[in-house]
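Colleague: Before anything else, here's the structure in question.
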Amino acid sequence: MTSIVKSIINSFQAFPIDPFLLAVLAILIPGIIIFLIMAVNALIAVYFERKVSAFMQDRLGPMEVGIFGFKGGKKFWGGIGQTFADAIKLLAKEDIIPKDADKFLMVLAPFIIFTGAFLTFVGLPISDSLVISNFNIGIFYIIAMSSVGVIGIILAGWSSNNKWSLYGAMRAAAQMISYEIPIALSLILVVLVSGHLDIHGIVQWQADNRWFILHSPFAFLGFVIYFISVVAETNRTPFDIPEAESELVAGWMTEYSGFRWALFFLSEYANMLIVAFVASIVFLGGWLSPFQLIDLPFIDILPESWLVLDGTIFGIFWLFMKAVILIFCMMWFRWTFPRLRVDQLMYVCWKIFIPFALANVILVSIWELIF
Amino acid sequence: MDTTLDKSIVNIDEMVLNMGPQHPSTHGVLRLKIHTDGEVVSKIEPIIGYLHRCFEKHCENLSYEQIVPFTDRCDYLASMHMDHAYSIAVEKLLDIELPERVEYIRVIIAELQRIASHLVAIGTFGLDVGAITPFTWTIRDRERVLDLFEALCGARLLYNYIWPGGVSHDLSPKFIQRTQEFLDYFETQIFEYNELLTGNKIFIERTADVGVMPAEVAVNFGVTGPSLRGSGVAYDLRKTQPYSIYDKFEFNVPVGEGTMGTVGDSWDRYWVRMVEMEESIKIIRQAMASLPDGDVHAAMPKKIRPAKGDVYSRYESARGDVGIYIQSNGKNVPLRLKMRSPAFCNLSVLGEIGEGWMISDVITILGSLDIVLGEIDR
């Protein structure tokens, strides 16, 4: 299977180039691509979230800042430049480190969190064969890398030397470590059925058979457990107790400002995109066109290529559409639900999700044996 | 095996957490000193006084008319109630009879103010449990009440509208029409709040059975208002000791029934406020239907100089039983003015019912008590 790193190496093979320089290029170019994806994602998602919340709360949202004199319309595009202005503001802001904070750890923590999100993108395809590096243990790698961030959160909370930060970090650690178990157990289902750990194989199985969410009732239940668990994993309402604004001020981010805080923000929205991507790839057919599902009579009338709309380029579109719908659902939750308490959160994880997810693994195996 | 901890080796001190005065959900400048064992709270000490403005001392140097703007600033979310409470006390001291139209206008305004105040209470309670959207919705509707008040007297928060001996401006027919429109609109909105917040499973999980205040504890601590009625005690001064003309109107006193958990839990206190808004709508409708004509100023002496003596009057504000004690020595300034603050007594129960709960629950309980620091500190 091709990947971006391989094609870079192949295309530079023709030129007489130093192997060391080639390695640097093969690392640098994908790195820039990932960073661009993360930055653009944060810019758009934050704007989207503001407008979605404004719509739900009967407000207008950002309406003042335009780009290059373009002020947008009266409604959705009204404050299109707002997130750019915010990004510039965050970069230019004074960087405050409290006097009694552990300076080294406090500076280190945002980068660990950022690294966790960044590395996950390496194994995450954007479309058919558009992946930075294709692992044969892709899904395992993504689970492993998405749990790196929790180390950074604990460091951030501890090093800030603030009680609110400490509470937030302890809550976050408990929550994120707990919710990784149902997530992993739900993702195991697809591995069990398709027999593949690499993402390409998983999507190929779905292309040959059907979307995994339609595989069996248990797979659907697995999707529900996965989706609720990742909302908790990304610390969003109703599971945003680590940064519960009305309780813990800003949780583990309380003492951070400026660029470091921007890194937290970037990683948070990148994590949202990652979990939405994984859900789309594993359960919703990845870059496959949803028209494959429909067997309408007019499919015979129109040329097949019109409606199926598959391929690498359309794959980007479909994957992003699926992810955006899931991200919208996460925003919908956030602006509708109150927050759970920390013990209720643990109850939901350990007493409901994990037993159900475990039973799911067994039931899907039985289903596979029978059908 | 001995499993008890050797305390000389392991340090198991409690952590003292200082919540406030700059905390997002202490409803003003309240400071809570919270002793915590992990997430569980073992002791709460409310520390007040950050908003103390010497209200009572000021009053000793101000003439009776000049005190009204100061009463506005006590409970700034229900200024009309404070004006009304004070005016009733002064009128009782002077022993004057008011035109009937004044009483009707005051009741309409007071009940609109109760709706506005409860909307803030419900919205911020939603914020305390983490739901942001109900807050913007309630503030949106409170805005319409404030618009009405602005049309009435020009001010949006501190009205200086209800004076001893009358009100500052008469109601216009336009105002009555706009109030009707608002009430029609608002009745549908209550349904929407219930859809969004009241019946939400997470909201019920967070508030039902949390911070249970038994009726006995509530009475012992002097808790009044919706917080007391949430504990199942049907005590509302508008019913038990009707002042003004409340005895002319049909309305119920909602009490907590433990619908979602135990009687007196946070959900009940929230629910009582929700139902009270509907009762307020009923009262306003009745008052507007039978609004008499007449003057809006009683015949008052040019300078208010009550005879020697004292008076204590009670008033049911949005937060509870406001008591105003005025001692007069025959001059145009009161010798002493003392105010019983309902929110102060309601806050004092926090240490009793908040212990043993988690940090998140302390926020919930505080929100359900609906305190206003302007009134506590005065």
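Every chain in the structure tokens takes a letter, A first, then B, and so on in the order presented; its residues are numbered from 1, and the ligands are numbered from 1 following the presented order.
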Taking only C-alpha atoms into account, produce a table as CSV in which each residue of chain B with an atom at most 8 Å from an atom of chain A appears once, together with its shortest atom pair and the distance in Å to one decimal, ordered by chain and rising number.

Modeller:
```
residue,atom,partner,partner_atom,distance
B:Leu17,CA,A:Lys163,CA,7.1
B:His23,CA,A:Val249,CA,6.7
B:Pro24,CA,A:Ser246,CA,5.6
B:Ser25,CA,A:Ser246,CA,5.3
B:Gly126,CA,A:Pro338,CA,7.3
B:Leu127,CA,A:Ser246,CA,6.9
B:Asp128,CA,A:Ser246,CA,5.5
B:Val129,CA,A:Pro338,CA,5.7
B:Gly130,CA,A:Pro338,CA,4.5
B:Ala131,CA,A:Pro338,CA,4.0
B:Ile132,CA,A:Trp335,CA,6.4
B:Thr133,CA,A:Gln57,CA,5.5
B:Pro134,CA,A:Gln57,CA,7.9
B:Thr136,CA,A:Gln57,CA,5.9
B:Trp137,CA,A:Gln57,CA,6.5
B:Leu196,CA,A:Thr336,CA,7.3
B:Asn200,CA,A:Phe337,CA,7.7
B:Ile202,CA,A:Pro338,CA,6.3
B:Phe203,CA,A:Pro338,CA,6.0
B:Glu205,CA,A:Leu340,CA,7.9
B:Arg206,CA,A:Leu340,CA,6.7
B:Ile359,CA,A:Glu247,CA,7.3
B:Ser360,CA,A:Glu247,CA,6.0
B:Ile363,CA,A:Glu247,CA,6.8
```

Colleague: Please save C-alpha atoms of the selected residues as a compact mmCIF listing (two decimals), in the first residue's frame.

Modeller:
```
# COMPACT_ATOMS: atom_id res chain seq x y z
CA LEU B 17 -9.69 24.85 49.08
CA HIS B 23 -14.83 32.04 41.27
CA PRO B 24 -17.20 31.57 38.33
CA SER B 25 -20.05 30.10 40.31
CA GLY B 126 -28.33 25.42 35.00
CA LEU B 127 -24.87 26.93 34.60
CA ASP B 128 -23.83 25.51 37.95
CA VAL B 129 -24.67 21.99 36.85
CA GLY B 130 -22.94 22.61 33.52
CA ALA B 131 -25.79 23.38 31.12
CA ILE B 132 -25.06 26.63 29.34
CA THR B 133 -27.95 26.93 26.92
CA PRO B 134 -30.77 27.28 29.53
CA THR B 136 -28.97 32.16 27.60
CA TRP B 137 -32.61 31.27 27.10
CA LEU B 196 -34.51 21.35 27.97
CA ASN B 200 -33.17 16.00 31.51
CA ILE B 202 -28.41 14.13 33.68
CA PHE B 203 -29.94 17.18 35.34
CA GLU B 205 -29.07 12.78 38.38
CA ARG B 206 -27.13 15.86 39.40
CA ILE B 359 -17.22 19.74 45.32
CA SER B 360 -19.54 19.67 42.33
CA ILE B 363 -21.83 24.28 43.71
```

Colleague: When DSSP is applied to the backbone of this structure, which of stretch 124-336 of chain B are assigned strand (DSSP E)? Write them out as a list of chain:residue names.

Modeller: B:Ile162, B:Trp163, B:Gly166, B:Val167, B:Gly309, B:Asp310, B:Val311, B:Tyr312, B:Ser313, B:Arg314, B:Tyr315, B:Glu316, B:Asp321, B:Val322, B:Gly323, B:Ile324, B:Tyr325, B:Ile326, B:Gln327, B:Ser328, B:Arg336

Colleague: Determine, counting only C-alpha atoms, which protein, DNA and RNA residues have an atom within 10 Å of an atom of A:Leu185; residues of the same chain fewer than 5 positions away are not included. Present the result as JSON, numbers by chain.

Modeller: {"A": [180, 190, 222, 225, 226, 353, 354, 356, 357, 358, 359, 360, 361]}

Colleague: So that I have them on file, write out the residues from the current selection with all heavy atoms, as a short mmCIF file (atom, residue, chain, number, x, y, z; two decimals), in the first residue's frame.

Modeller:
```cif
data_model
loop_
_atom_site.label_atom_id
_atom_site.label_comp_id
_atom_site.auth_asym_id
_atom_site.auth_seq_id
_atom_site.Cartn_x
_atom_site.Cartn_y
_atom_site.Cartn_z
N GLU A 180 -10.58 4.68 28.16
CA GLU A 180 -9.85 4.03 27.09
C GLU A 180 -10.26 2.56 26.95
O GLU A 180 -10.17 1.99 25.86
CB GLU A 180 -8.35 4.11 27.36
CG GLU A 180 -7.71 5.20 26.54
CD GLU A 180 -6.47 5.74 27.18
OE1 GLU A 180 -5.75 4.95 27.81
OE2 GLU A 180 -6.23 6.94 27.05
N VAL A 190 -14.20 -4.66 15.33
CA VAL A 190 -13.95 -4.62 13.90
C VAL A 190 -12.72 -5.46 13.55
O VAL A 190 -12.68 -6.11 12.50
CB VAL A 190 -13.84 -3.17 13.40
CG1 VAL A 190 -12.51 -2.56 13.76
CG2 VAL A 190 -14.08 -3.08 11.93
N GLY A 222 -21.77 -1.29 19.72
CA GLY A 222 -20.35 -0.94 19.85
C GLY A 222 -20.10 0.49 19.41
O GLY A 222 -19.35 1.23 20.06
N ILE A 225 -21.36 2.85 22.15
CA ILE A 225 -20.43 2.89 23.28
C ILE A 225 -19.18 3.65 22.90
O ILE A 225 -18.69 4.50 23.64
CB ILE A 225 -20.09 1.45 23.73
CG1 ILE A 225 -21.31 0.80 24.37
CG2 ILE A 225 -18.92 1.46 24.72
CD1 ILE A 225 -21.10 -0.64 24.75
N TYR A 226 -18.68 3.38 21.69
CA TYR A 226 -17.46 4.08 21.25
C TYR A 226 -17.70 5.57 21.22
O TYR A 226 -16.89 6.35 21.73
CB TYR A 226 -17.03 3.60 19.86
CG TYR A 226 -15.87 4.37 19.32
CD1 TYR A 226 -14.58 4.08 19.74
CD2 TYR A 226 -16.06 5.41 18.43
CE1 TYR A 226 -13.51 4.82 19.27
CE2 TYR A 226 -15.00 6.15 17.95
CZ TYR A 226 -13.72 5.85 18.38
OH TYR A 226 -12.68 6.58 17.93
N PHE A 353 -20.57 0.69 30.63
CA PHE A 353 -19.90 0.56 29.34
C PHE A 353 -18.98 -0.65 29.26
O PHE A 353 -19.00 -1.39 28.28
CB PHE A 353 -19.10 1.83 29.02
CG PHE A 353 -19.96 2.95 28.54
CD1 PHE A 353 -19.43 4.21 28.34
CD2 PHE A 353 -21.31 2.75 28.27
CE1 PHE A 353 -20.22 5.24 27.89
CE2 PHE A 353 -22.11 3.79 27.83
CZ PHE A 353 -21.56 5.03 27.64
N ILE A 354 -18.16 -0.84 30.28
CA ILE A 354 -17.18 -1.93 30.18
C ILE A 354 -17.87 -3.30 30.16
O ILE A 354 -17.55 -4.13 29.30
CB ILE A 354 -16.11 -1.81 31.29
CG1 ILE A 354 -15.26 -0.58 31.01
CG2 ILE A 354 -15.24 -3.05 31.36
CD1 ILE A 354 -14.19 -0.31 32.00
N PHE A 356 -20.88 -4.00 29.09
CA PHE A 356 -21.57 -4.12 27.80
C PHE A 356 -20.57 -4.33 26.67
O PHE A 356 -20.81 -5.13 25.77
CB PHE A 356 -22.43 -2.89 27.54
CG PHE A 356 -23.83 -3.02 28.07
CD1 PHE A 356 -24.13 -2.62 29.35
CD2 PHE A 356 -24.82 -3.58 27.29
CE1 PHE A 356 -25.42 -2.76 29.85
CE2 PHE A 356 -26.11 -3.72 27.77
CZ PHE A 356 -26.41 -3.31 29.06
N ALA A 357 -19.47 -3.59 26.73
CA ALA A 357 -18.48 -3.71 25.67
C ALA A 357 -17.86 -5.11 25.67
O ALA A 357 -17.62 -5.70 24.61
CB ALA A 357 -17.40 -2.65 25.84
N LEU A 358 -17.64 -5.64 26.88
CA LEU A 358 -17.08 -6.99 26.98
C LEU A 358 -18.06 -8.01 26.42
O LEU A 358 -17.70 -8.90 25.64
CB LEU A 358 -16.78 -7.32 28.44
CG LEU A 358 -15.35 -7.07 28.90
CD1 LEU A 358 -15.25 -7.33 30.39
CD2 LEU A 358 -14.39 -7.96 28.15
N ALA A 359 -19.34 -7.88 26.82
CA ALA A 359 -20.36 -8.79 26.31
C ALA A 359 -20.45 -8.69 24.81
O ALA A 359 -20.64 -9.69 24.10
CB ALA A 359 -21.70 -8.46 26.96
N ASN A 360 -20.28 -7.46 24.32
CA ASN A 360 -20.33 -7.21 22.89
C ASN A 360 -19.29 -8.03 22.14
O ASN A 360 -19.57 -8.59 21.08
CB ASN A 360 -20.03 -5.73 22.64
CG ASN A 360 -21.17 -5.06 21.95
OD1 ASN A 360 -22.11 -5.72 21.55
ND2 ASN A 360 -21.07 -3.77 21.82
N VAL A 361 -18.07 -8.07 22.70
CA VAL A 361 -17.00 -8.81 22.06
C VAL A 361 -17.40 -10.27 21.89
O VAL A 361 -17.27 -10.86 20.82
CB VAL A 361 -15.69 -8.68 22.87
CG1 VAL A 361 -14.61 -9.56 22.28
CG2 VAL A 361 -15.25 -7.24 22.92
#
```

Colleague: Identify all residues of stretch 166-249 of chain B in alpha helix (DSSP H) (DSSP on the backbone) and supply them as a count of residues only.

Modeller: 43

Colleague: As a PDB file with all heavy atoms, in the first residue's frame, please: the residues near stretch 264-272 of chain A (cut-off 8 Å, only C-alpha atoms, same-chain neighbours under 3 positions excluded).

Modeller:
```pdb
ATOM      1  N   MET A  38      -4.033  20.199  11.530  1.00  0.00           N
ATOM      2  CA  MET A  38      -4.458  20.511  12.899  1.00  0.00           C
ATOM      3  C   MET A  38      -4.849  21.974  13.033  1.00  0.00           C
ATOM      4  O   MET A  38      -5.865  22.313  13.648  1.00  0.00           O
ATOM      5  CB  MET A  38      -3.348  20.174  13.885  1.00  0.00           C
ATOM      6  CG  MET A  38      -3.189  18.698  14.152  1.00  0.00           C
ATOM      7  SD  MET A  38      -1.755  18.348  15.163  1.00  0.00           S
ATOM      8  CE  MET A  38      -2.392  18.728  16.776  1.00  0.00           C
ATOM      9  N   ALA A  39      -4.025  22.864  12.448  1.00  0.00           N
ATOM     10  CA  ALA A  39      -4.289  24.293  12.616  1.00  0.00           C
ATOM     11  C   ALA A  39      -5.572  24.696  11.908  1.00  0.00           C
ATOM     12  O   ALA A  39      -6.428  25.387  12.478  1.00  0.00           O
ATOM     13  CB  ALA A  39      -3.103  25.105  12.092  1.00  0.00           C
ATOM     14  N   ASN A  41      -7.998  22.756  11.080  1.00  0.00           N
ATOM     15  CA  ASN A  41      -9.113  22.127  11.785  1.00  0.00           C
ATOM     16  C   ASN A  41      -9.531  22.960  12.981  1.00  0.00           C
ATOM     17  O   ASN A  41     -10.719  23.204  13.187  1.00  0.00           O
ATOM     18  CB  ASN A  41      -8.700  20.725  12.230  1.00  0.00           C
ATOM     19  CG  ASN A  41      -9.642  20.162  13.263  1.00  0.00           C
ATOM     20  OD1 ASN A  41     -10.812  20.008  13.005  1.00  0.00           O
ATOM     21  ND2 ASN A  41      -9.124  19.892  14.443  1.00  0.00           N
ATOM     22  N   ALA A  42      -8.528  23.413  13.776  1.00  0.00           N
ATOM     23  CA  ALA A  42      -8.885  24.194  14.964  1.00  0.00           C
ATOM     24  C   ALA A  42      -9.565  25.493  14.558  1.00  0.00           C
ATOM     25  O   ALA A  42     -10.577  25.883  15.147  1.00  0.00           O
ATOM     26  CB  ALA A  42      -7.645  24.482  15.801  1.00  0.00           C
ATOM     27  N   ALA A  45     -13.072  24.541  13.222  1.00  0.00           N
ATOM     28  CA  ALA A  45     -13.947  23.907  14.217  1.00  0.00           C
ATOM     29  C   ALA A  45     -14.352  24.889  15.298  1.00  0.00           C
ATOM     30  O   ALA A  45     -15.499  24.863  15.754  1.00  0.00           O
ATOM     31  CB  ALA A  45     -13.245  22.698  14.833  1.00  0.00           C
ATOM     32  N   VAL A  46     -13.427  25.761  15.706  1.00  0.00           N
ATOM     33  CA  VAL A  46     -13.786  26.729  16.744  1.00  0.00           C
ATOM     34  C   VAL A  46     -14.857  27.676  16.224  1.00  0.00           C
ATOM     35  O   VAL A  46     -15.836  27.972  16.910  1.00  0.00           O
ATOM     36  CB  VAL A  46     -12.537  27.506  17.206  1.00  0.00           C
ATOM     37  CG1 VAL A  46     -12.929  28.659  18.095  1.00  0.00           C
ATOM     38  CG2 VAL A  46     -11.592  26.601  17.945  1.00  0.00           C
ATOM     39  N   PRO A 110       2.398  21.134  27.658  1.00  0.00           N
ATOM     40  CA  PRO A 110       1.616  21.343  26.433  1.00  0.00           C
ATOM     41  C   PRO A 110       2.180  20.582  25.246  1.00  0.00           C
ATOM     42  O   PRO A 110       1.424  20.100  24.399  1.00  0.00           O
ATOM     43  CB  PRO A 110       1.707  22.850  26.198  1.00  0.00           C
ATOM     44  CG  PRO A 110       2.134  23.435  27.453  1.00  0.00           C
ATOM     45  CD  PRO A 110       2.896  22.409  28.193  1.00  0.00           C
ATOM     46  N   ILE A 113       1.110  16.911  25.286  1.00  0.00           N
ATOM     47  CA  ILE A 113      -0.276  16.763  24.829  1.00  0.00           C
ATOM     48  C   ILE A 113      -0.345  16.939  23.321  1.00  0.00           C
ATOM     49  O   ILE A 113      -1.003  16.183  22.605  1.00  0.00           O
ATOM     50  CB  ILE A 113      -1.175  17.778  25.555  1.00  0.00           C
ATOM     51  CG1 ILE A 113      -1.190  17.476  27.044  1.00  0.00           C
ATOM     52  CG2 ILE A 113      -2.577  17.742  24.996  1.00  0.00           C
ATOM     53  CD1 ILE A 113      -1.946  18.474  27.855  1.00  0.00           C
ATOM     54  N   PHE A 114       0.380  17.948  22.839  1.00  0.00           N
ATOM     55  CA  PHE A 114       0.386  18.214  21.405  1.00  0.00           C
ATOM     56  C   PHE A 114       0.974  17.036  20.640  1.00  0.00           C
ATOM     57  O   PHE A 114       0.450  16.626  19.603  1.00  0.00           O
ATOM     58  CB  PHE A 114       1.200  19.483  21.141  1.00  0.00           C
ATOM     59  CG  PHE A 114       1.223  19.902  19.708  1.00  0.00           C
ATOM     60  CD1 PHE A 114       0.139  20.523  19.141  1.00  0.00           C
ATOM     61  CD2 PHE A 114       2.341  19.657  18.924  1.00  0.00           C
ATOM     62  CE1 PHE A 114       0.154  20.910  17.826  1.00  0.00           C
ATOM     63  CE2 PHE A 114       2.364  20.036  17.604  1.00  0.00           C
ATOM     64  CZ  PHE A 114       1.276  20.659  17.047  1.00  0.00           C
ATOM     65  N   ALA A 117      -1.483  14.173  20.079  1.00  0.00           N
ATOM     66  CA  ALA A 117      -2.424  14.386  18.973  1.00  0.00           C
ATOM     67  C   ALA A 117      -1.706  14.317  17.634  1.00  0.00           C
ATOM     68  O   ALA A 117      -2.209  13.749  16.668  1.00  0.00           O
ATOM     69  CB  ALA A 117      -3.106  15.743  19.140  1.00  0.00           C
ATOM     70  N   PHE A 118      -0.507  14.890  17.618  1.00  0.00           N
ATOM     71  CA  PHE A 118       0.262  14.980  16.376  1.00  0.00           C
ATOM     72  C   PHE A 118       0.609  13.591  15.846  1.00  0.00           C
ATOM     73  O   PHE A 118       0.421  13.287  14.673  1.00  0.00           O
ATOM     74  CB  PHE A 118       1.530  15.779  16.669  1.00  0.00           C
ATOM     75  CG  PHE A 118       2.306  16.187  15.464  1.00  0.00           C
ATOM     76  CD1 PHE A 118       1.997  17.350  14.800  1.00  0.00           C
ATOM     77  CD2 PHE A 118       3.363  15.418  15.009  1.00  0.00           C
ATOM     78  CE1 PHE A 118       2.708  17.742  13.695  1.00  0.00           C
ATOM     79  CE2 PHE A 118       4.082  15.800  13.904  1.00  0.00           C
ATOM     80  CZ  PHE A 118       3.754  16.967  13.244  1.00  0.00           C
ATOM     81  N   SER A 146      -3.252   7.946  21.231  1.00  0.00           N
ATOM     82  CA  SER A 146      -4.224   8.895  21.773  1.00  0.00           C
ATOM     83  C   SER A 146      -4.201   8.893  23.292  1.00  0.00           C
ATOM     84  O   SER A 146      -4.793   9.776  23.908  1.00  0.00           O
ATOM     85  CB  SER A 146      -5.620   8.571  21.258  1.00  0.00           C
ATOM     86  OG  SER A 146      -5.973   7.276  21.661  1.00  0.00           O
ATOM     87  N   THR A 234     -12.373  12.976  25.025  1.00  0.00           N
ATOM     88  CA  THR A 234     -11.959  14.306  24.594  1.00  0.00           C
ATOM     89  C   THR A 234     -12.413  15.392  25.566  1.00  0.00           C
ATOM     90  O   THR A 234     -12.311  16.575  25.256  1.00  0.00           O
ATOM     91  CB  THR A 234     -12.526  14.631  23.201  1.00  0.00           C
ATOM     92  OG1 THR A 234     -13.916  14.323  23.201  1.00  0.00           O
ATOM     93  CG2 THR A 234     -11.844  13.850  22.131  1.00  0.00           C
ATOM     94  N   ARG A 260       0.984  28.509  25.032  1.00  0.00           N
ATOM     95  CA  ARG A 260       0.823  27.165  25.616  1.00  0.00           C
ATOM     96  C   ARG A 260      -0.643  26.780  25.680  1.00  0.00           C
ATOM     97  O   ARG A 260      -1.013  25.647  25.396  1.00  0.00           O
ATOM     98  CB  ARG A 260       1.435  27.144  27.009  1.00  0.00           C
ATOM     99  CG  ARG A 260       2.921  27.139  26.981  1.00  0.00           C
ATOM    100  CD  ARG A 260       3.477  27.130  28.385  1.00  0.00           C
ATOM    101  NE  ARG A 260       4.326  28.272  28.602  1.00  0.00           N
ATOM    102  CZ  ARG A 260       5.519  28.413  28.060  1.00  0.00           C
ATOM    103  NH1 ARG A 260       6.007  27.487  27.288  1.00  0.00           N
ATOM    104  NH2 ARG A 260       6.236  29.471  28.296  1.00  0.00           N
ATOM    105  N   TRP A 261      -1.455  27.753  26.045  1.00  0.00           N
ATOM    106  CA  TRP A 261      -2.889  27.463  26.088  1.00  0.00           C
ATOM    107  C   TRP A 261      -3.411  27.185  24.679  1.00  0.00           C
ATOM    108  O   TRP A 261      -4.262  26.325  24.482  1.00  0.00           O
ATOM    109  CB  TRP A 261      -3.618  28.655  26.712  1.00  0.00           C
ATOM    110  CG  TRP A 261      -5.032  28.364  27.017  1.00  0.00           C
ATOM    111  CD1 TRP A 261      -5.521  27.743  28.123  1.00  0.00           C
ATOM    112  CD2 TRP A 261      -6.154  28.665  26.195  1.00  0.00           C
ATOM    113  NE1 TRP A 261      -6.880  27.642  28.029  1.00  0.00           N
ATOM    114  CE2 TRP A 261      -7.288  28.200  26.862  1.00  0.00           C
ATOM    115  CE3 TRP A 261      -6.320  29.281  24.957  1.00  0.00           C
ATOM    116  CZ2 TRP A 261      -8.566  28.334  26.337  1.00  0.00           C
ATOM    117  CZ3 TRP A 261      -7.586  29.406  24.439  1.00  0.00           C
ATOM    118  CH2 TRP A 261      -8.692  28.939  25.131  1.00  0.00           C
ATOM    119  N   VAL A 275     -10.965  11.410  16.821  1.00  0.00           N
ATOM    120  CA  VAL A 275     -11.948  10.400  17.226  1.00  0.00           C
ATOM    121  C   VAL A 275     -13.091  10.324  16.212  1.00  0.00           C
ATOM    122  O   VAL A 275     -13.633   9.245  15.962  1.00  0.00           O
ATOM    123  CB  VAL A 275     -12.471  10.652  18.655  1.00  0.00           C
ATOM    124  CG1 VAL A 275     -11.369  10.510  19.649  1.00  0.00           C
ATOM    125  CG2 VAL A 275     -13.170  11.978  18.778  1.00  0.00           C
ATOM    126  N   ALA A 276     -13.425  11.461  15.604  1.00  0.00           N
ATOM    127  CA  ALA A 276     -14.468  11.423  14.577  1.00  0.00           C
ATOM    128  C   ALA A 276     -13.980  10.651  13.358  1.00  0.00           C
ATOM    129  O   ALA A 276     -14.728   9.875  12.758  1.00  0.00           O
ATOM    130  CB  ALA A 276     -14.871  12.842  14.189  1.00  0.00           C
ATOM    131  N   ILE A 327     -18.712  15.410  14.581  1.00  0.00           N
ATOM    132  CA  ILE A 327     -18.272  16.544  15.394  1.00  0.00           C
ATOM    133  C   ILE A 327     -19.462  17.439  15.728  1.00  0.00           C
ATOM    134  O   ILE A 327     -19.585  17.946  16.839  1.00  0.00           O
ATOM    135  CB  ILE A 327     -17.158  17.323  14.659  1.00  0.00           C
ATOM    136  CG1 ILE A 327     -15.862  16.510  14.676  1.00  0.00           C
ATOM    137  CG2 ILE A 327     -16.919  18.678  15.305  1.00  0.00           C
ATOM    138  CD1 ILE A 327     -14.749  17.138  13.902  1.00  0.00           C
TER     139      ILE A 327
END
```

Colleague: Hey, which of B:Glu39, B:Glu103, B:Glu56, B:Asp75 ends up closest to B:Ser244? Count only C-alpha atoms.

Modeller: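 The closest residue to B:Ser244 is B:Glu103.
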